[in-house]
Structures are given as C-alpha cells and as structure tokens.
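Engineer: Please find one structure pasted underneath; my questions will follow.
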Amino acid sequence: MAGQISISSIQKMKNLSADIQNLLREAVEARLSSYSPYSNFKVGAAVLSEDGVIFKGCNVENASYPIGMCAEKTAFGAAICAGKRKFKAVAIIADQEKVFTPPCGGCRQFMSEFNEIDLYISKPDLTNVLVTSLKDILPLQFEVNADYSF
Ligand SMILES: [Zn+2]
C-alpha cells in the first residue's frame with residue numbers, strides 16, 4: 001500500500017558511510033539541473049559504479065509528456081555510455097512534503113537489468129534516508145528465461 005514501508009529502514013544521513021553520503025550529495029546536485037517545466041517536480045539521481053565512479057542524472061520532461069525521462073534512467077544512461085555494467089548503489093532525491101520518492105515501476109525494471117543494487121532515497125535536506133534495495137522493491141522482475149517455479 002502506498003506510503004507504507006515494510007522492508008526498508010529510515011536512517012540518519014550521518015550514520016551512513018562516507019561513500020554513500022557523497023553519493024547522496026551528488027544526487028542533490030544533479031536535481032538542480034532537472035528540466036521539469038511542466039510538473040515542476042525535480043528529481044536527481046546518482047549511481048555508484050562497482051569501481052567507485054559516480055554518474056549523475058536528472059529528470060528531463062518534454063512537451064510530449066510520455067517521452068520524458070526519469071532521473072534514474074538518465075544517470076544509468078551516462079554510466080552505461082562510460083562502459084560501466086556493475087553498480088553498488090543509487091541515490092535518489094526528490095522533495096515531497098510527507099513521503100520519500102522511490103523509483104517508479106519502470107525505473108525499477110530498468111535498473112534491475114544489471115545487478116542487485118542498494119537504494120538510498122532522501123530529500124534535499126538529507127536529514128533522513130530511506131535505505132532499501134532493488135530486490136526488496138521489485139520482486140519477480142521481468143527476465144528473459146526467468147525460472148519462476150510455482
Ligand atoms: Zn522512473
């Protein structure tokens with residue numbers, strides 16, 4: 001049910017590792033570049049590759065609404081273009097008053113293409129961070145030749 005968190009935890013920014021704090025700050029910075037004149041809903045993302053490089057992304061809207069891009073997708077696009085294929089973590093920043101902003105369903109599937117990834121979701125003030133993982137928020141993702149036995 002929307003707004004209920006059962007498989008994640010909310011942690012204080014100060015208790016996270018230096019690498020993750022840095023990743024979250026990069027996502028805050030990426031959000032500032034958001035192109036969102038239609039919704040005015042700015043989102044920033046930063047993905048940390050397995051070898052320690054950070055790639056940033058922001059949402060990019062379009063007058064033809066459905067072709068806009070989420071911040072997570074633009075961040076992954078930059079990383080893939082740089083030759084990265086394995087990732088440690090993704091930070092996502094948006095600003096809703098009462099809730100964190102987890103990735104949309106499409107982005108969950110998009111990110112699941114690569115490997116298990118930890119997710120750190122926060123607001124621009126970076127006080128509290130929702131810590132979860134792609135595995136937790138996308139069970140039974142679509143895979144070619146997946147072996148889901150029931
Ligand atoms: Zn999305």
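Just so we're on the same page: first chain in the structure tokens is A, next is B, and so on; residues restart at 1 for each chain, and ligands are numbered from 1 in the order they show up.
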So that I can see what lies close to Ser39 in chain A, please list as a list in words the residues with an atom at most 12 Å from it, counting only C-alpha atoms and leaving out residues fewer than 4 positions away in the same chain.
Structural biologist: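 With the cut-off at 12 Å, the set is Ser34, Tyr35, Val43, Asn59, Val60, Glu61, Asn62, Ala63, Tyr65 and Gly68 of chain A.
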Engineer: To check your reading of the model: which residues sit at most 6 Å from ligand 1 when counting only C-alpha atoms and all ligand atoms? Write the answer as a list in words.
Structural biologist: Cys70, Pro103, Cys104, Gly106 and Cys107 of chain A
Engineer: Please dump the current selection as a CSV table (one decimal), in the first residue's frame; keep N, CA, C and O atoms.
Structural biologist:
chain,number,residue,atom,x,y,z
A,70,CYS,N,13.1,9.8,-16.6
A,70,CYS,CA,13.3,9.8,-15.2
A,70,CYS,C,14.8,10.1,-14.9
A,70,CYS,O,15.6,9.7,-15.7
A,103,PRO,N,11.8,5.0,-6.7
A,103,PRO,CA,11.8,4.9,-8.2
A,103,PRO,C,10.4,4.4,-8.7
A,103,PRO,O,9.8,3.6,-8.1
A,104,CYS,N,10.0,4.9,-9.9
A,104,CYS,CA,8.8,4.4,-10.5
A,104,CYS,C,9.0,2.9,-10.9
A,104,CYS,O,10.1,2.4,-11.0
A,106,GLY,N,8.8,1.6,-13.8
A,106,GLY,CA,9.6,1.5,-15.0
A,106,GLY,C,11.1,1.5,-14.7
A,106,GLY,O,11.9,0.7,-15.2
A,107,CYS,N,11.5,2.4,-13.8
A,107,CYS,CA,12.9,2.5,-13.4
A,107,CYS,C,13.3,1.3,-12.6
A,107,CYS,O,14.5,0.9,-12.7
Engineer: Please return as a PyMOL selection string: the residues of chain A that backbone DSSP assigns to alpha helix (DSSP H).
Structural biologist: chain A and resi 18-31+71-81+105-111+134-137
Engineer: I'd like a table as a tab-separated table: residues in range 30-60 of chain A with an atom no more than 12 Å from range 10-20 of chain A, each row giving the shortest atom pair and its distance in Å to one decimal, only C-alpha atoms counted, sorted by chain and rising residue number.
Structural biologist:
residue	atom	partner	partner_atom	distance
A:Ala46	CA	A:Ile20	CA	10.2
A:Val47	CA	A:Ile20	CA	10.2
A:Leu48	CA	A:Ile20	CA	8.7
A:Ser49	CA	A:Asp19	CA	11.5
A:Glu50	CA	A:Asp19	CA	12.0
A:Gly52	CA	A:Asp19	CA	8.8
A:Val53	CA	A:Asp19	CA	10.5
A:Ile54	CA	A:Asp19	CA	10.0
Engineer: Go ahead and write the selection's residues with all heavy atoms as a short mmCIF file (atom, residue, chain, number, x, y, z; two decimals), in the first residue's frame.
Structural biologist:
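The new file again08.cif reads:
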data_model
loop_
_atom_site.label_atom_id
_atom_site.label_comp_id
_atom_site.auth_asym_id
_atom_site.auth_seq_id
_atom_site.Cartn_x
_atom_site.Cartn_y
_atom_site.Cartn_z
N ALA A 46 21.96 9.65 -8.54
CA ALA A 46 23.39 9.41 -8.73
C ALA A 46 23.62 7.92 -8.55
O ALA A 46 23.10 7.31 -7.60
CB ALA A 46 24.20 10.21 -7.71
N VAL A 47 24.35 7.34 -9.48
CA VAL A 47 24.63 5.91 -9.42
C VAL A 47 26.13 5.71 -9.21
O VAL A 47 26.95 6.39 -9.82
CB VAL A 47 24.12 5.18 -10.70
CG1 VAL A 47 24.70 5.78 -11.96
CG2 VAL A 47 24.41 3.69 -10.63
N LEU A 48 26.44 4.81 -8.29
CA LEU A 48 27.84 4.49 -7.95
C LEU A 48 28.22 3.17 -8.62
O LEU A 48 27.64 2.13 -8.31
CB LEU A 48 27.98 4.38 -6.42
CG LEU A 48 29.36 4.03 -5.87
CD1 LEU A 48 30.39 5.11 -6.20
CD2 LEU A 48 29.26 3.81 -4.36
N SER A 49 29.18 3.24 -9.52
CA SER A 49 29.59 2.02 -10.21
C SER A 49 30.43 1.16 -9.27
O SER A 49 30.94 1.64 -8.25
CB SER A 49 30.37 2.35 -11.48
OG SER A 49 31.59 2.99 -11.15
N GLU A 50 30.56 -0.10 -9.64
CA GLU A 50 31.29 -1.03 -8.79
C GLU A 50 32.73 -0.59 -8.55
O GLU A 50 33.31 -0.86 -7.50
CB GLU A 50 31.27 -2.42 -9.44
CG GLU A 50 31.73 -3.53 -8.55
CD GLU A 50 31.56 -4.88 -9.23
OE1 GLU A 50 32.13 -5.07 -10.32
OE2 GLU A 50 30.85 -5.71 -8.68
N GLY A 52 33.66 2.49 -8.28
CA GLY A 52 33.72 3.71 -7.49
C GLY A 52 33.51 5.02 -8.20
O GLY A 52 33.82 6.08 -7.66
N VAL A 53 32.96 4.99 -9.40
CA VAL A 53 32.71 6.23 -10.14
C VAL A 53 31.23 6.59 -10.01
O VAL A 53 30.36 5.72 -10.05
CB VAL A 53 33.10 6.07 -11.63
CG1 VAL A 53 32.91 7.39 -12.38
CG2 VAL A 53 34.53 5.57 -11.76
N ILE A 54 30.96 7.88 -9.86
CA ILE A 54 29.59 8.37 -9.72
C ILE A 54 29.12 9.01 -11.03
O ILE A 54 29.84 9.80 -11.62
CB ILE A 54 29.48 9.39 -8.57
CG1 ILE A 54 29.71 8.70 -7.23
CG2 ILE A 54 28.11 10.08 -8.59
CD1 ILE A 54 29.78 9.65 -6.04
#
Engineer: Pick out the closest residue to Glu26 in chain A from this set: A:Lys123, A:Lys73, A:Lys56, A:Lys98. Count only C-alpha atoms.
Structural biologist: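 Checking each candidate against Glu26 in chain A, we get A:Lys56 as the closest.
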Engineer: May I ask which of the residues A:Phe142, A:Ala89, A:Lys135, A:Asp95 is the closest one to Phe41 in chain A, counting only C-alpha atoms?
Structural biologist: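 The shortest atom-to-atom distance to Phe41 in chain A comes from A:Asp95.
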Engineer: Contacts of Glu72 in chain A at 7 Å or less, counting only C-alpha atoms, minus same-chain residues fewer than 2 places along, as a short mmCIF file (atom, residue, chain, number, x, y, z; two decimals) with C-alpha atoms, in the first residue's frame?
Structural biologist:
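Listing of around_30.cif after writing:
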data_model
loop_
_atom_site.label_atom_id
_atom_site.label_comp_id
_atom_site.auth_asym_id
_atom_site.auth_seq_id
_atom_site.Cartn_x
_atom_site.Cartn_y
_atom_site.Cartn_z
CA ALA A 45 19.83 10.59 -9.10
CA GLY A 57 21.13 12.17 -13.77
CA CYS A 70 13.29 9.83 -15.17
CA THR A 74 19.50 9.47 -17.35
CA ALA A 75 22.05 8.57 -14.63
CA PHE A 76 22.25 4.97 -15.81
CA CYS A 107 12.88 2.54 -13.40
#
Engineer: Give me, please, the distance in Å between CA of Ala79 in chain A and CA of Leu130 in chain A, quoted to one decimal.
Structural biologist: 23.2 Å
Engineer: Write out as a VMD selection string all residues of chain A that backbone DSSP assigns to strand (DSSP E).
Structural biologist: chain A and resid 9 to 12 44 to 49 54 to 58 87 to 93 118 to 122 128 to 133
Engineer: Store the residues of this selection in a file with C-alpha atoms, as a PDB file, in the first residue's frame.
Structural biologist:
ATOM      1  CA  SER A   9      14.622   1.302   7.023  1.00  0.00           C
ATOM      2  CA  ILE A  10      14.959   5.007   7.577  1.00  0.00           C
ATOM      3  CA  GLN A  11      18.401   6.021   8.730  1.00  0.00           C
ATOM      4  CA  LYS A  12      20.098   9.253   9.656  1.00  0.00           C
ATOM      5  CA  GLY A  44      18.078  13.938  -9.039  1.00  0.00           C
ATOM      6  CA  ALA A  45      19.826  10.591  -9.102  1.00  0.00           C
ATOM      7  CA  ALA A  46      23.387   9.411  -8.727  1.00  0.00           C
ATOM      8  CA  VAL A  47      24.630   5.907  -9.421  1.00  0.00           C
ATOM      9  CA  LEU A  48      27.839   4.495  -7.952  1.00  0.00           C
ATOM     10  CA  SER A  49      29.587   2.020 -10.209  1.00  0.00           C
ATOM     11  CA  ILE A  54      29.587   8.366  -9.721  1.00  0.00           C
ATOM     12  CA  PHE A  55      27.261   9.233 -12.594  1.00  0.00           C
ATOM     13  CA  LYS A  56      24.526  11.783 -12.174  1.00  0.00           C
ATOM     14  CA  GLY A  57      21.133  12.170 -13.770  1.00  0.00           C
ATOM     15  CA  CYS A  58      18.057  14.346 -13.526  1.00  0.00           C
ATOM     16  CA  PHE A  87      26.742  -0.953  -9.771  1.00  0.00           C
ATOM     17  CA  LYS A  88      26.838  -0.694  -5.983  1.00  0.00           C
ATOM     18  CA  ALA A  89      24.239   1.895  -5.124  1.00  0.00           C
ATOM     19  CA  VAL A  90      21.841   4.516  -6.379  1.00  0.00           C
ATOM     20  CA  ALA A  91      20.802   7.696  -4.573  1.00  0.00           C
ATOM     21  CA  ILE A  92      17.531   9.377  -5.471  1.00  0.00           C
ATOM     22  CA  ILE A  93      16.480  12.840  -4.318  1.00  0.00           C
ATOM     23  CA  ASP A 118      21.204  -0.758  -2.861  1.00  0.00           C
ATOM     24  CA  LEU A 119      18.967   2.288  -2.948  1.00  0.00           C
ATOM     25  CA  TYR A 120      19.243   5.430  -0.829  1.00  0.00           C
ATOM     26  CA  ILE A 121      16.270   7.743  -1.121  1.00  0.00           C
ATOM     27  CA  SER A 122      16.111  11.130   0.524  1.00  0.00           C
ATOM     28  CA  ASN A 128      16.796  11.093   6.849  1.00  0.00           C
ATOM     29  CA  VAL A 129      17.444   8.450   4.237  1.00  0.00           C
ATOM     30  CA  LEU A 130      15.207   5.591   3.195  1.00  0.00           C
ATOM     31  CA  VAL A 131      17.539   2.647   2.731  1.00  0.00           C
ATOM     32  CA  THR A 132      16.289  -0.238   0.650  1.00  0.00           C
ATOM     33  CA  SER A 133      17.335  -2.380  -2.270  1.00  0.00           C
TER      34      SER A 133
END
Engineer: Could you check how far CA of Ser8 in chain A sits from CA of Ala71 in chain A, in Å to one decimal?
Structural biologist: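 CA of Ala71 in chain A lies 21.4 Å from CA of Ser8 in chain A.
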Engineer: If you measure from CA of Asp125 in chain A to CA of Glu97 in chain A, what distance in Å do you get, rounded to one decimal?
Structural biologist: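 These atoms are spaced 11.6 Å apart.
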